[in-house]
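Report on one structure; see the data block that follows.
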Amino acid sequence: MAQFDVYENSSKQTRKAYPYILDIQHSLIEDIATRIVVPLGNAELLKNEELKGLTLKIEFEGSQLLVLIPQITSMPTKSLRNPIGTLSHFRDEIISALDLAIIGI
């Protein structure tokens with residue numbers, strides 16, 4: 001597993017609004033059974049969730065998505081199988097949004 005890998009959301013109930021899951025955990029932390037993740041939300045359905053500096057708007061797999069940093073959570077590692085892409089090219093923007101959420105800068 002690699003930091004910034006993207007996975008399909010396996011939940012049928014939430015997949016329309018949150019089609020993908022982004023792994024944000026650094027690979028140094030591998031010996032635990034969970035990964036720190038944030039959902040990637042459908043920007044069209046979640047317009048009210050867009051917050052400057054906190055929810056990065058990106059395009060992935062032809063869809064406009066929001067990286068929903070305020071919804072940070074963890075998931076069992078076994079729930080994240082077969083990454084379908086990466087957002088490592090957005091590393092600086094994702095880290096900036098995390099910094100804003102955690103330390104306010």
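Chain labels run A, B, ... following the order of the structure tokens; each chain numbers its residues from 1, and ligands are numbered from 1 in the order shown.
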
With a distance cut-off of 7 Å and only C-alpha atoms, select the neighbouring residues of segment 40-55 of chain A, excluding the residue or stretch itself and same-chain residues fewer than 4 positions from it, and output the selection as number ranges by chain.
A: 17-22, 64-69, 97, 100-101

Any chance you could export the current selection's N, CA, C and O atoms as a CSV table (one decimal), in the first residue's frame?
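Below is the file that was written, selection-v2.csv:
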```
chain,number,residue,atom,x,y,z
A,17,ALA,N,-22.2,9.0,-3.8
A,17,ALA,CA,-21.7,10.3,-3.3
A,17,ALA,C,-20.2,10.3,-3.1
A,17,ALA,O,-19.5,11.3,-3.2
A,18,TYR,N,-19.7,9.1,-2.7
A,18,TYR,CA,-18.2,8.9,-2.4
A,18,TYR,C,-17.7,7.8,-3.2
A,18,TYR,O,-17.5,6.7,-2.6
A,19,PRO,N,-17.4,8.0,-4.4
A,19,PRO,CA,-17.0,6.8,-5.3
A,19,PRO,C,-15.6,6.2,-5.0
A,19,PRO,O,-15.4,5.1,-5.3
A,20,TYR,N,-14.8,7.0,-4.3
A,20,TYR,CA,-13.4,6.5,-4.1
A,20,TYR,C,-12.9,6.9,-2.7
A,20,TYR,O,-13.4,7.8,-2.0
A,21,ILE,N,-11.9,6.1,-2.3
A,21,ILE,CA,-11.3,6.3,-1.0
A,21,ILE,C,-9.8,6.6,-1.2
A,21,ILE,O,-9.1,5.9,-2.0
A,22,LEU,N,-9.3,7.6,-0.6
A,22,LEU,CA,-7.9,8.0,-0.7
A,22,LEU,C,-7.1,7.6,0.6
A,22,LEU,O,-7.4,8.0,1.7
A,64,GLN,N,-15.3,15.0,-11.5
A,64,GLN,CA,-14.9,16.1,-10.6
A,64,GLN,C,-15.1,15.6,-9.2
A,64,GLN,O,-16.3,15.2,-8.8
A,65,LEU,N,-14.1,15.6,-8.4
A,65,LEU,CA,-14.2,15.1,-7.0
A,65,LEU,C,-13.6,16.1,-6.0
A,65,LEU,O,-12.8,17.0,-6.3
A,66,LEU,N,-14.1,15.9,-4.8
A,66,LEU,CA,-13.6,16.7,-3.6
A,66,LEU,C,-12.8,15.8,-2.7
A,66,LEU,O,-13.3,14.7,-2.4
A,67,VAL,N,-11.6,16.2,-2.4
A,67,VAL,CA,-10.8,15.4,-1.4
A,67,VAL,C,-11.3,15.9,0.0
A,67,VAL,O,-11.0,17.1,0.3
A,68,LEU,N,-12.1,15.1,0.7
A,68,LEU,CA,-12.8,15.6,1.8
A,68,LEU,C,-12.0,15.4,3.1
A,68,LEU,O,-12.3,14.5,3.9
A,69,ILE,N,-11.0,16.2,3.3
A,69,ILE,CA,-10.1,16.2,4.5
A,69,ILE,C,-10.9,16.2,5.8
A,69,ILE,O,-10.6,15.5,6.7
A,97,ALA,N,-3.9,21.0,3.0
A,97,ALA,CA,-5.2,20.9,3.5
A,97,ALA,C,-5.2,20.2,4.9
A,97,ALA,O,-5.9,20.6,5.8
A,100,LEU,N,-4.0,22.7,7.4
A,100,LEU,CA,-5.0,23.6,7.7
A,100,LEU,C,-6.0,23.0,8.7
A,100,LEU,O,-6.4,23.6,9.7
A,101,ALA,N,-6.4,21.8,8.5
A,101,ALA,CA,-7.4,21.1,9.4
A,101,ALA,C,-6.8,20.8,10.8
A,101,ALA,O,-7.5,20.9,11.8
```

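The space between atom CA of Arg35 of chain A and atom CA of Ala2 of chain A spans 10.3 Å.
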
Contacts of segment 24-26 of chain A at 9 Å or less, counting only C-alpha atoms, minus same-chain residues fewer than 3 places along, as an MDAnalysis selection string?
chainID A and resid 2:5 29:30 35:38 94

Export of prior selection with all heavy atoms as a PDB file, in the first residue's frame:
```pdb
ATOM      1  N   ALA A   2       0.452   2.219  -0.736  1.00  0.00           N
ATOM      2  CA  ALA A   2       1.242   3.440  -0.826  1.00  0.00           C
ATOM      3  C   ALA A   2       0.393   4.656  -0.477  1.00  0.00           C
ATOM      4  O   ALA A   2      -0.807   4.692  -0.751  1.00  0.00           O
ATOM      5  CB  ALA A   2       1.808   3.596  -2.239  1.00  0.00           C
ATOM      6  N   GLN A   3       1.057   5.612   0.135  1.00  0.00           N
ATOM      7  CA  GLN A   3       0.387   6.864   0.450  1.00  0.00           C
ATOM      8  C   GLN A   3      -0.131   7.486  -0.850  1.00  0.00           C
ATOM      9  O   GLN A   3       0.560   7.491  -1.866  1.00  0.00           O
ATOM     10  CB  GLN A   3       1.363   7.808   1.141  1.00  0.00           C
ATOM     11  CG  GLN A   3       0.719   9.077   1.644  1.00  0.00           C
ATOM     12  CD  GLN A   3       1.718   9.960   2.373  1.00  0.00           C
ATOM     13  OE1 GLN A   3       2.855  10.115   1.952  1.00  0.00           O
ATOM     14  NE2 GLN A   3       1.280  10.525   3.482  1.00  0.00           N
ATOM     15  N   PHE A   4      -1.359   7.974  -0.789  1.00  0.00           N
ATOM     16  CA  PHE A   4      -2.067   8.640  -1.888  1.00  0.00           C
ATOM     17  C   PHE A   4      -2.599   7.679  -2.949  1.00  0.00           C
ATOM     18  O   PHE A   4      -3.040   8.111  -4.009  1.00  0.00           O
ATOM     19  CB  PHE A   4      -1.237   9.760  -2.513  1.00  0.00           C
ATOM     20  CG  PHE A   4      -0.753  10.767  -1.505  1.00  0.00           C
ATOM     21  CD1 PHE A   4       0.595  11.008  -1.346  1.00  0.00           C
ATOM     22  CD2 PHE A   4      -1.647  11.438  -0.702  1.00  0.00           C
ATOM     23  CE1 PHE A   4       1.050  11.918  -0.404  1.00  0.00           C
ATOM     24  CE2 PHE A   4      -1.210  12.347   0.251  1.00  0.00           C
ATOM     25  CZ  PHE A   4       0.138  12.587   0.404  1.00  0.00           C
ATOM     26  N   ASP A   5      -2.603   6.372  -2.655  1.00  0.00           N
ATOM     27  CA  ASP A   5      -3.295   5.432  -3.536  1.00  0.00           C
ATOM     28  C   ASP A   5      -4.800   5.656  -3.431  1.00  0.00           C
ATOM     29  O   ASP A   5      -5.317   6.017  -2.371  1.00  0.00           O
ATOM     30  CB  ASP A   5      -2.989   3.976  -3.149  1.00  0.00           C
ATOM     31  CG  ASP A   5      -1.706   3.455  -3.755  1.00  0.00           C
ATOM     32  OD1 ASP A   5      -1.073   4.167  -4.561  1.00  0.00           O
ATOM     33  OD2 ASP A   5      -1.333   2.310  -3.420  1.00  0.00           O
ATOM     34  N   ILE A  29       4.093   3.608   8.600  1.00  0.00           N
ATOM     35  CA  ILE A  29       3.144   3.005   9.538  1.00  0.00           C
ATOM     36  C   ILE A  29       2.434   1.867   8.802  1.00  0.00           C
ATOM     37  O   ILE A  29       1.369   2.050   8.233  1.00  0.00           O
ATOM     38  CB  ILE A  29       2.126   4.041  10.048  1.00  0.00           C
ATOM     39  CG1 ILE A  29       2.842   5.262  10.595  1.00  0.00           C
ATOM     40  CG2 ILE A  29       1.213   3.425  11.094  1.00  0.00           C
ATOM     41  CD1 ILE A  29       1.938   6.433  10.880  1.00  0.00           C
ATOM     42  N   GLU A  30       3.050   0.702   8.811  1.00  0.00           N
ATOM     43  CA  GLU A  30       2.484  -0.448   8.098  1.00  0.00           C
ATOM     44  C   GLU A  30       2.064  -1.582   9.016  1.00  0.00           C
ATOM     45  O   GLU A  30       1.337  -2.463   8.593  1.00  0.00           O
ATOM     46  CB  GLU A  30       3.503  -0.995   7.086  1.00  0.00           C
ATOM     47  CG  GLU A  30       3.682  -0.103   5.891  1.00  0.00           C
ATOM     48  CD  GLU A  30       4.568  -0.747   4.829  1.00  0.00           C
ATOM     49  OE1 GLU A  30       5.164  -1.801   5.085  1.00  0.00           O
ATOM     50  OE2 GLU A  30       4.641  -0.162   3.737  1.00  0.00           O
ATOM     51  N   ARG A  35      -5.744   1.810   8.020  1.00  0.00           N
ATOM     52  CA  ARG A  35      -5.111   2.869   7.233  1.00  0.00           C
ATOM     53  C   ARG A  35      -5.915   4.144   7.458  1.00  0.00           C
ATOM     54  O   ARG A  35      -7.141   4.111   7.591  1.00  0.00           O
ATOM     55  CB  ARG A  35      -5.130   2.544   5.744  1.00  0.00           C
ATOM     56  CG  ARG A  35      -4.359   1.311   5.332  1.00  0.00           C
ATOM     57  CD  ARG A  35      -2.888   1.428   5.494  1.00  0.00           C
ATOM     58  NE  ARG A  35      -2.305   2.362   4.522  1.00  0.00           N
ATOM     59  CZ  ARG A  35      -1.014   2.623   4.437  1.00  0.00           C
ATOM     60  NH1 ARG A  35      -0.168   2.046   5.266  1.00  0.00           N
ATOM     61  NH2 ARG A  35      -0.554   3.467   3.538  1.00  0.00           N
ATOM     62  N   ILE A  36      -5.228   5.278   7.480  1.00  0.00           N
ATOM     63  CA  ILE A  36      -5.881   6.585   7.583  1.00  0.00           C
ATOM     64  C   ILE A  36      -6.300   6.977   6.171  1.00  0.00           C
ATOM     65  O   ILE A  36      -5.479   6.971   5.254  1.00  0.00           O
ATOM     66  CB  ILE A  36      -4.949   7.629   8.197  1.00  0.00           C
ATOM     67  CG1 ILE A  36      -4.478   7.177   9.582  1.00  0.00           C
ATOM     68  CG2 ILE A  36      -5.658   8.990   8.275  1.00  0.00           C
ATOM     69  CD1 ILE A  36      -3.325   7.992  10.129  1.00  0.00           C
ATOM     70  N   VAL A  37      -7.574   7.307   6.012  1.00  0.00           N
ATOM     71  CA  VAL A  37      -8.125   7.579   4.687  1.00  0.00           C
ATOM     72  C   VAL A  37      -9.042   8.801   4.722  1.00  0.00           C
ATOM     73  O   VAL A  37      -9.488   9.224   5.789  1.00  0.00           O
ATOM     74  CB  VAL A  37      -8.927   6.369   4.146  1.00  0.00           C
ATOM     75  CG1 VAL A  37      -8.039   5.132   4.016  1.00  0.00           C
ATOM     76  CG2 VAL A  37     -10.131   6.061   5.012  1.00  0.00           C
ATOM     77  N   VAL A  38      -9.310   9.324   3.529  1.00  0.00           N
ATOM     78  CA  VAL A  38     -10.350  10.343   3.346  1.00  0.00           C
ATOM     79  C   VAL A  38     -11.163   9.946   2.123  1.00  0.00           C
ATOM     80  O   VAL A  38     -10.626   9.387   1.162  1.00  0.00           O
ATOM     81  CB  VAL A  38      -9.799  11.780   3.189  1.00  0.00           C
ATOM     82  CG1 VAL A  38      -9.119  12.256   4.450  1.00  0.00           C
ATOM     83  CG2 VAL A  38      -8.870  11.901   2.009  1.00  0.00           C
ATOM     84  N   ILE A  94      -2.657  18.222  -0.796  1.00  0.00           N
ATOM     85  CA  ILE A  94      -3.291  17.387   0.236  1.00  0.00           C
ATOM     86  C   ILE A  94      -2.657  17.659   1.597  1.00  0.00           C
ATOM     87  O   ILE A  94      -3.355  17.839   2.601  1.00  0.00           O
ATOM     88  CB  ILE A  94      -3.202  15.893  -0.140  1.00  0.00           C
ATOM     89  CG1 ILE A  94      -4.039  15.626  -1.397  1.00  0.00           C
ATOM     90  CG2 ILE A  94      -3.657  15.015   1.024  1.00  0.00           C
ATOM     91  CD1 ILE A  94      -3.782  14.271  -2.038  1.00  0.00           C
TER      92      ILE A  94
END
```

Could you write out, as an NGL selection string, all the residues of chain A that DSSP marks as helix (DSSP H, G or I)?
:A and (47-49 or 69-71 or 77-79 or 88-103)

Length of the atom CA of Ser27 of chain A to atom CA of Ser79 of chain A vector [Å]:
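These atoms are spaced 16.8 Å apart.
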